[in-house]
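See below for the structure under consideration.
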Amino acid sequence: MEWLVFDREDLRKPIPAEQAAGVADGPLPAGGAITIEPGGQVELVTRPFPDPVELVDAVAADTAELVRRFQGHGLALVSLGLDPIRPPRRTLDTPRYEAMEKYFAARSPAGLQMMNLTASFQINIGFGPNPGVTWRRAQAVAPVLMAAFANSPTTDGDAFQSASCRQQIWTATDPTRTRPVCGGPENWATYVLNANLMLRWRNHRIEPQLDELTFGECLQSSDPPTRDDLELHLTTLFPPLKPRGYLEVRMLDALPASGRMAATATVWAVLTDPDVGDATEAICRAIPDAWCRATQAGLDDPAVREAATAVLDLAARASSATAPSLADACKTWRDERVLSPNPPQPVVQLVDRAREADA
C-alpha cells in the first residue's frame with residue numbers, strides 16, 4: 001500500500017521523505033515494513049499470508065497504527081493514485097533516485113510525475129500449480145481491474161475522468177519499460193532485452209544511461225553490461241504485470257480500505273478459483289484492444305464497465321461463503337465506484353480545500 005502524505009493545515013506543502021520516514025518509524029502490530037518513495041510517499045509492505053482475509057486484517061491493523069502516528073504530527077495519509085495539487089519534487093536523496101531523476105529529466109516529464117506524485121496498491125500472489133494459466137488469466141483481466149479500481153481521476157483538479165490518470169502517466173513514462181508484456185511467460189526475456197537501459201553501475205555508483213540504448217543493444221556494444229547491471233535493469237522495469245517468481249499485480253491505484261478489500265478479494269478469486277478464472281478470462285478477452293480502451297477511457301467505455309461489473313459480481317459470489325466481509329466490499333465498490341459516474345468525493349474535497357486556501 002502506498003499513500004500520499006499531506007500537511008493538514010497546508011495541503012500544498014511538500015512533505016520531505018526524511019520527515020515521513022521519521023513519523024512512520026517503529027514496529028507495526030501486524031509486522032509490516034515501511035519504505036519511502038521518492039516524493040515522500042509512504043509504502044507499507046506486508047509479509048505474505050495464506051489467504052486474503054488474514055492479509056486484509058493485517059493491513060487494517062498496520063494502517064490504523066500508521067494513521068494514528070501521522071495524525072499526531074498534523075499529517076494525513078491519503079489513499080489516492082495521483083497528487084493533483086502539488087508539482088513533482090523529489091525529496092528522497094539516494095543515488096538510485098537521483099540517477100532516475102536525471103534519466104527522466106532528459107527524456108520524460110511523465111517520469112518525474114510517476115516518481116514523485118503517484119501511489120499504488122500492489123498485490124503479489126503466487127503463480128500456483130499452473131503458472132502459465134495464472135499468467136494468461138492475469139493478462140486478460142488486468143486492464144479491466146485497472147479500470148475498475150481507478151482512483152486518480154484528475155491530474156490538476158480541472159478535468160475529471162473515470163480512467164486512471166496514474167496509469168496514463170506510467171504508460172507515458174517510457175513505453176519500453178511500462179507497456180504490458182504480451183504473450184506467454186517466455187516473452188519476458190524479450191521484454192527485458194527490448195527495454196531501454198536506464199541505469200548502470202559506474203565506479204561503484206549508479207549512473208543514468210542518457211543515450212537511448214536497449215539492454216539488448218548494449219549487450220552487442222563495445223561496453224556490454226555486467227550481471228550487476230542486469231539485476232539493476234530488472235528493478236527499473238514497471239509493466240502492469242511483472243513476474244518475479246511470484247506475480248506482481250502493479251496496475252492498481254492507491255485505494256481506500258473498501259477498495260483494497262475488494263481488489264484483494266477479486267485478484268484472489270480470479271487467480272485461485274478455476275471457475276471464476278475461466279469466467280473472468282472469457283469476459284475480459286471479449287473486449288477488443290482492452291488495454292488501450294481501459295487506459296484511455298476507463299469506465300466510460302461501456303464494454304469495460306460491463307466487464308468490471310461482472311468480474312466484481314463473480315468475486316463477490318466466490319467470497320460470500322468464506323469471507324462475507326470481502327464479498328460485501330466487492331458489492332459496495334461495484335455500486336459506489338464502478339456503477340457511479342461521479343468522481344470520488346475525497347479527491348474533489350482535496351482540490352477544493354487547496355483552492356480555498358489559495359484564495
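Ligands are numbered from 1 in the order shown, chains are lettered A, B, ... in the order of the C-alpha cells, and residues start at 1 in each chain.
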
Task: Long-range neighbours of Arg89 in chain A as an NGL selection string, 10 Å cut-off, only C-alpha atoms, 4 positions minimum in chain - done: :A and (14-16 or 38-40 or 101 or 112-113 or 115-117)

Residues from the last selection, all heavy atoms, saved as a short mmCIF file (atom, residue, chain, number, x, y, z; two decimals), in the first residue's frame:
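selection19.cif was written with the following content:
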```
data_model
loop_
_atom_site.label_atom_id
_atom_site.label_comp_id
_atom_site.auth_asym_id
_atom_site.auth_seq_id
_atom_site.Cartn_x
_atom_site.Cartn_y
_atom_site.Cartn_z
N PRO A 14 5.16 20.54 0.57
CA PRO A 14 5.81 19.24 0.35
C PRO A 14 6.23 18.62 1.68
O PRO A 14 6.67 19.32 2.60
CB PRO A 14 7.04 19.60 -0.51
CG PRO A 14 7.31 21.03 -0.20
CD PRO A 14 5.98 21.66 0.10
N ILE A 15 6.09 17.31 1.76
CA ILE A 15 6.48 16.59 2.97
C ILE A 15 7.78 15.86 2.67
O ILE A 15 7.80 14.92 1.87
CB ILE A 15 5.40 15.58 3.40
CG1 ILE A 15 4.05 16.28 3.55
CG2 ILE A 15 5.81 14.91 4.71
CD1 ILE A 15 4.02 17.41 4.55
N PRO A 16 8.89 16.27 3.27
CA PRO A 16 10.17 15.63 2.98
C PRO A 16 10.14 14.15 3.33
O PRO A 16 9.51 13.73 4.32
CB PRO A 16 11.16 16.39 3.87
CG PRO A 16 10.50 17.70 4.15
CD PRO A 16 9.03 17.41 4.19
N PRO A 38 10.20 8.28 -3.68
CA PRO A 38 10.99 9.48 -3.96
C PRO A 38 10.33 10.80 -3.58
O PRO A 38 10.99 11.72 -3.12
CB PRO A 38 11.22 9.41 -5.47
CG PRO A 38 11.13 7.97 -5.80
CD PRO A 38 10.14 7.38 -4.85
N GLY A 39 9.01 10.91 -3.77
CA GLY A 39 8.32 12.15 -3.45
C GLY A 39 7.82 12.22 -2.03
O GLY A 39 7.03 13.11 -1.70
N GLY A 40 8.26 11.30 -1.18
CA GLY A 40 7.81 11.27 0.20
C GLY A 40 6.59 10.40 0.44
O GLY A 40 6.04 10.37 1.55
N GLU A 101 16.04 10.42 -11.71
CA GLU A 101 15.57 11.77 -11.98
C GLU A 101 16.31 12.38 -13.18
O GLU A 101 15.70 13.02 -14.04
CB GLU A 101 15.75 12.64 -10.74
CG GLU A 101 15.19 14.04 -10.89
CD GLU A 101 15.34 14.83 -9.60
OE1 GLU A 101 16.50 15.08 -9.18
OE2 GLU A 101 14.30 15.20 -9.01
N LEU A 112 9.02 12.05 -14.11
CA LEU A 112 9.14 12.81 -12.88
C LEU A 112 7.83 12.81 -12.10
O LEU A 112 7.82 12.74 -10.86
CB LEU A 112 9.58 14.25 -13.19
CG LEU A 112 10.92 14.38 -13.91
CD1 LEU A 112 11.20 15.84 -14.22
CD2 LEU A 112 12.04 13.78 -13.07
N GLN A 113 6.71 12.88 -12.81
CA GLN A 113 5.41 12.76 -12.15
C GLN A 113 5.24 11.37 -11.55
O GLN A 113 4.77 11.21 -10.41
CB GLN A 113 4.28 13.02 -13.15
CG GLN A 113 4.21 14.44 -13.66
CD GLN A 113 3.10 14.59 -14.69
OE1 GLN A 113 3.14 14.00 -15.77
NE2 GLN A 113 2.09 15.37 -14.36
N MET A 115 7.50 9.25 -10.48
CA MET A 115 8.33 9.06 -9.30
C MET A 115 7.77 9.75 -8.06
O MET A 115 7.78 9.19 -6.96
CB MET A 115 9.75 9.61 -9.55
CG MET A 115 10.62 8.77 -10.45
SD MET A 115 12.22 9.59 -10.71
CE MET A 115 12.87 9.71 -9.03
N ASN A 116 7.29 10.98 -8.25
CA ASN A 116 7.06 11.87 -7.12
C ASN A 116 5.60 12.12 -6.76
O ASN A 116 5.33 12.61 -5.66
CB ASN A 116 7.73 13.22 -7.39
CG ASN A 116 9.23 13.08 -7.59
OD1 ASN A 116 9.93 12.58 -6.74
ND2 ASN A 116 9.71 13.53 -8.75
N LEU A 117 4.67 11.81 -7.66
CA LEU A 117 3.28 12.17 -7.42
C LEU A 117 2.32 10.99 -7.39
O LEU A 117 1.14 11.19 -7.11
CB LEU A 117 2.80 13.16 -8.50
CG LEU A 117 3.51 14.51 -8.59
CD1 LEU A 117 2.90 15.35 -9.70
CD2 LEU A 117 3.45 15.25 -7.26
#
```

Closest atom pairs, range 89-190 of chain A residues within 7 Å of range 275-291 of chain A, only C-alpha atoms, as CSV:
```
residue,atom,partner,partner_atom,distance
A:Arg137,CA,A:Glu281,CA,5.6
A:Ala140,CA,A:Glu281,CA,5.6
A:Val141,CA,A:Cys284,CA,5.7
A:Pro143,CA,A:Trp291,CA,5.2
A:Val144,CA,A:Cys284,CA,6.9
```

Resulting file, chosen residues, C-alpha atoms, as a short mmCIF file (atom, residue, chain, number, x, y, z; two decimals), in the first residue's frame:
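This is the output file result_30.cif:
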```
data_model
loop_
_atom_site.label_atom_id
_atom_site.label_comp_id
_atom_site.auth_asym_id
_atom_site.auth_seq_id
_atom_site.Cartn_x
_atom_site.Cartn_y
_atom_site.Cartn_z
CA ARG A 137 -5.68 -15.12 -16.81
CA ALA A 140 -6.78 -11.00 -19.61
CA VAL A 141 -8.26 -9.41 -16.50
CA PRO A 143 -6.94 -3.94 -17.94
CA VAL A 144 -10.44 -4.41 -16.53
#
```

TODO: Just list the residues in range 119-278 of chain A DSSP gives strand (DSSP E or B) on the backbone, as a PyMOL selection string.
DONE: chain A and resi 120+123-125+196+199-202+205-208+214+241-243+247-249+253

Selected residues written out, N, CA and C atoms, as a PDB file, in the first residue's frame:
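Okay, selection.pdb is ready:
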```pdb
ATOM      1  N   SER A 120       0.300   3.634  -5.432  1.00  0.00           N
ATOM      2  CA  SER A 120      -0.398   2.462  -5.961  1.00  0.00           C
ATOM      3  C   SER A 120      -0.726   1.468  -4.850  1.00  0.00           C
ATOM      4  N   ILE A 123      -0.530  -5.904  -5.413  1.00  0.00           N
ATOM      5  CA  ILE A 123      -0.808  -7.221  -4.839  1.00  0.00           C
ATOM      6  C   ILE A 123       0.163  -8.225  -5.450  1.00  0.00           C
ATOM      7  N   ASN A 124       0.858  -8.946  -4.607  1.00  0.00           N
ATOM      8  CA  ASN A 124       1.749 -10.013  -5.065  1.00  0.00           C
ATOM      9  C   ASN A 124       1.102 -11.350  -4.721  1.00  0.00           C
ATOM     10  N   ILE A 125       1.078 -12.254  -5.685  1.00  0.00           N
ATOM     11  CA  ILE A 125       0.412 -13.533  -5.473  1.00  0.00           C
ATOM     12  C   ILE A 125       1.221 -14.642  -6.131  1.00  0.00           C
ATOM     13  N   ASN A 196      14.605   0.019 -22.740  1.00  0.00           N
ATOM     14  CA  ASN A 196      15.734   0.946 -22.685  1.00  0.00           C
ATOM     15  C   ASN A 196      16.530   0.757 -21.403  1.00  0.00           C
ATOM     16  N   LEU A 199      19.701   2.667 -16.009  1.00  0.00           N
ATOM     17  CA  LEU A 199      20.754   2.859 -15.017  1.00  0.00           C
ATOM     18  C   LEU A 199      21.870   1.838 -15.224  1.00  0.00           C
ATOM     19  N   ARG A 200      23.102   2.245 -14.891  1.00  0.00           N
ATOM     20  CA  ARG A 200      24.249   1.330 -14.918  1.00  0.00           C
ATOM     21  C   ARG A 200      25.135   1.613 -13.708  1.00  0.00           C
ATOM     22  N   TRP A 201      25.896   0.597 -13.362  1.00  0.00           N
ATOM     23  CA  TRP A 201      26.917   0.770 -12.331  1.00  0.00           C
ATOM     24  C   TRP A 201      28.181   1.331 -12.975  1.00  0.00           C
ATOM     25  N   ARG A 202      28.659   2.460 -12.462  1.00  0.00           N
ATOM     26  CA  ARG A 202      29.898   3.083 -12.927  1.00  0.00           C
ATOM     27  C   ARG A 202      30.735   3.471 -11.712  1.00  0.00           C
ATOM     28  N   ARG A 205      29.042   3.332  -8.475  1.00  0.00           N
ATOM     29  CA  ARG A 205      27.910   4.236  -8.306  1.00  0.00           C
ATOM     30  C   ARG A 205      26.866   3.949  -9.391  1.00  0.00           C
ATOM     31  N   ILE A 206      25.628   4.220  -9.052  1.00  0.00           N
ATOM     32  CA  ILE A 206      24.554   4.102 -10.040  1.00  0.00           C
ATOM     33  C   ILE A 206      24.500   5.395 -10.848  1.00  0.00           C
ATOM     34  N   GLU A 207      24.595   5.251 -12.172  1.00  0.00           N
ATOM     35  CA  GLU A 207      24.571   6.407 -13.067  1.00  0.00           C
ATOM     36  C   GLU A 207      23.484   6.216 -14.122  1.00  0.00           C
ATOM     37  N   PRO A 208      22.882   7.324 -14.600  1.00  0.00           N
ATOM     38  CA  PRO A 208      21.868   7.191 -15.654  1.00  0.00           C
ATOM     39  C   PRO A 208      22.502   6.909 -17.006  1.00  0.00           C
ATOM     40  N   THR A 214      18.748   0.089 -25.884  1.00  0.00           N
ATOM     41  CA  THR A 214      18.081  -1.006 -25.195  1.00  0.00           C
ATOM     42  C   THR A 214      19.119  -1.899 -24.518  1.00  0.00           C
ATOM     43  N   LEU A 241       1.930  -6.127 -15.134  1.00  0.00           N
ATOM     44  CA  LEU A 241       2.114  -7.438 -14.519  1.00  0.00           C
ATOM     45  C   LEU A 241       3.585  -7.812 -14.659  1.00  0.00           C
ATOM     46  N   LYS A 242       4.207  -8.198 -13.550  1.00  0.00           N
ATOM     47  CA  LYS A 242       5.641  -8.464 -13.596  1.00  0.00           C
ATOM     48  C   LYS A 242       5.938  -9.779 -12.893  1.00  0.00           C
ATOM     49  N   PRO A 243       6.585 -10.727 -13.584  1.00  0.00           N
ATOM     50  CA  PRO A 243       6.932 -11.995 -12.943  1.00  0.00           C
ATOM     51  C   PRO A 243       8.220 -11.870 -12.143  1.00  0.00           C
ATOM     52  N   LEU A 247       3.846 -13.317  -8.846  1.00  0.00           N
ATOM     53  CA  LEU A 247       3.311 -12.361  -9.810  1.00  0.00           C
ATOM     54  C   LEU A 247       3.021 -11.036  -9.122  1.00  0.00           C
ATOM     55  N   GLU A 248       3.612  -9.951  -9.622  1.00  0.00           N
ATOM     56  CA  GLU A 248       3.299  -8.607  -9.143  1.00  0.00           C
ATOM     57  C   GLU A 248       2.153  -8.033  -9.969  1.00  0.00           C
ATOM     58  N   VAL A 249       1.057  -7.698  -9.304  1.00  0.00           N
ATOM     59  CA  VAL A 249      -0.078  -7.036  -9.936  1.00  0.00           C
ATOM     60  C   VAL A 249       0.077  -5.546  -9.623  1.00  0.00           C
ATOM     61  N   ASP A 253      -4.435   1.637  -8.643  1.00  0.00           N
ATOM     62  CA  ASP A 253      -4.185   2.876  -7.917  1.00  0.00           C
ATOM     63  C   ASP A 253      -4.208   2.620  -6.412  1.00  0.00           C
TER      64      ASP A 253
END
```

TODO: Name the closest residue to Leu44 in chain A among the candidates A:Ala17, A:Met146, A:Ala30, A:Ala323; distances are taken between atoms, counting only C-alpha atoms.
DONE: A:Ala30

Open item on the list: Taking 5 positions as the minimum chain separation for residues in the same chain, which residues sit within 8 Å of Gly184 in chain A when counting only C-alpha atoms? Answer as an MDAnalysis selection string.
Closed with: chainID A and resid 132 135:136

Requested write-out: N, CA, C and O atoms of the selected residues, as an mmCIF file, in the first residue's frame:
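See again_23.cif below for the written result:
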```cif
data_model
loop_
_atom_site.group_PDB
_atom_site.id
_atom_site.type_symbol
_atom_site.label_atom_id
_atom_site.label_comp_id
_atom_site.auth_asym_id
_atom_site.auth_seq_id
_atom_site.Cartn_x
_atom_site.Cartn_y
_atom_site.Cartn_z
ATOM 1 N N GLY A 132 1.473 -20.978 -16.144
ATOM 2 C CA GLY A 132 1.065 -20.482 -17.448
ATOM 3 C C GLY A 132 -0.380 -20.024 -17.464
ATOM 4 O O GLY A 132 -0.718 -18.993 -18.059
ATOM 5 N N TRP A 135 -0.662 -16.732 -15.454
ATOM 6 C CA TRP A 135 -0.166 -15.604 -16.251
ATOM 7 C C TRP A 135 -1.189 -15.198 -17.312
ATOM 8 O O TRP A 135 -1.467 -14.015 -17.492
ATOM 9 N N ARG A 136 -1.755 -16.182 -18.011
ATOM 10 C CA ARG A 136 -2.713 -15.887 -19.078
ATOM 11 C C ARG A 136 -3.960 -15.206 -18.521
ATOM 12 O O ARG A 136 -4.460 -14.234 -19.088
#
```

Open item on the list: Could you tell me how far CA of Ala24 in chain A sits from CA of Ser164 in chain A, in Å to one decimal place?
Closed with: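 Separation between CA of Ser164 in chain A and CA of Ala24 in chain A: 27.6 Å.
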
- [ ] Calculate how many Å separate CA of Asp313 in chain A from CA of Val338 in chain A, rounding to one decimal.
- [x] 11.4 Å

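When the distance limit is 8 Å and only C-alpha atoms are what count, the residues near Gly111 in chain A, minus those fewer than 2 positions from it on the same chain, are Glu101, Phe104, Ala105, Ser108, Pro109, Gln113, Met114, Met115, Ile169, Trp170, Ala172, Thr173 and Asp174 of chain A.
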
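The smallest atom-to-atom distance between Gly74 in chain A and any of A:Asp62, A:Asp328, A:Glu9, A:Asp158, using only C-alpha atoms, is found for A:Glu9.
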
Task: Distance query Asp301 in chain A at most 12 Å, only C-alpha atoms, self and fewer than 2 positions along chain excluded, as a PyMOL selection string - done: chain A and resi 144+147-148+161-163+287-299+303-308+338-339+341

- [ ] Can you pull out every residue within 9 Å of Leu210 in chain A, counting only C-alpha atoms, but drop anything in the same chain fewer than 2 positions away, and send it as a list in words?
- [x]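 Once the nearby chain positions are removed, what remains is Lys102, Tyr103, Ala106, Arg107, Leu197, Met198, Leu199, Pro208, Glu212 and Leu213 of chain A.
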
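Closest to Thr94 in chain A among A:Tyr246, A:Ile36, A:Val270, A:Gln71 is A:Ile36, based on only C-alpha atoms.
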
Open item on the list: as a PyMOL selection string, please: every residue in range 241-312 of chain A that a backbone DSSP assignment puts in alpha helix (DSSP H).
Closed with: chain A and resi 257-272+274-285+290-296+302-312

- [ ] Compare A:Ser152, A:Gln168, A:Ser319, A:Ser340 by their minimum atom-to-atom distance to Thr266 in chain A, counting only C-alpha atoms, and give me the closest one.
- [x] A:Ser319

Open item on the list: as a list in words, please: the residues near Ser325 in chain A (cut-off 12 Å, only C-alpha atoms, same-chain neighbours under 4 positions excluded).
Closed with: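 Using only C-alpha atoms, the neighbours found are Pro52, Val53, Val56, Asp57, Ala257, Ser258, Met261, Ala262, Thr264, Ala265, Ala315, Ala316, Arg317, Ala318, Ser319, Ser320, Ala321, Ala329, Cys330, Lys331 and Thr332 of chain A.
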
TODO: One decimal, Å: what's the distance from CA of Gln19 in chain A over to CA of Met1 in chain A, could you say?
DONE: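 Computing it gives 18.7 Å between the two atoms.
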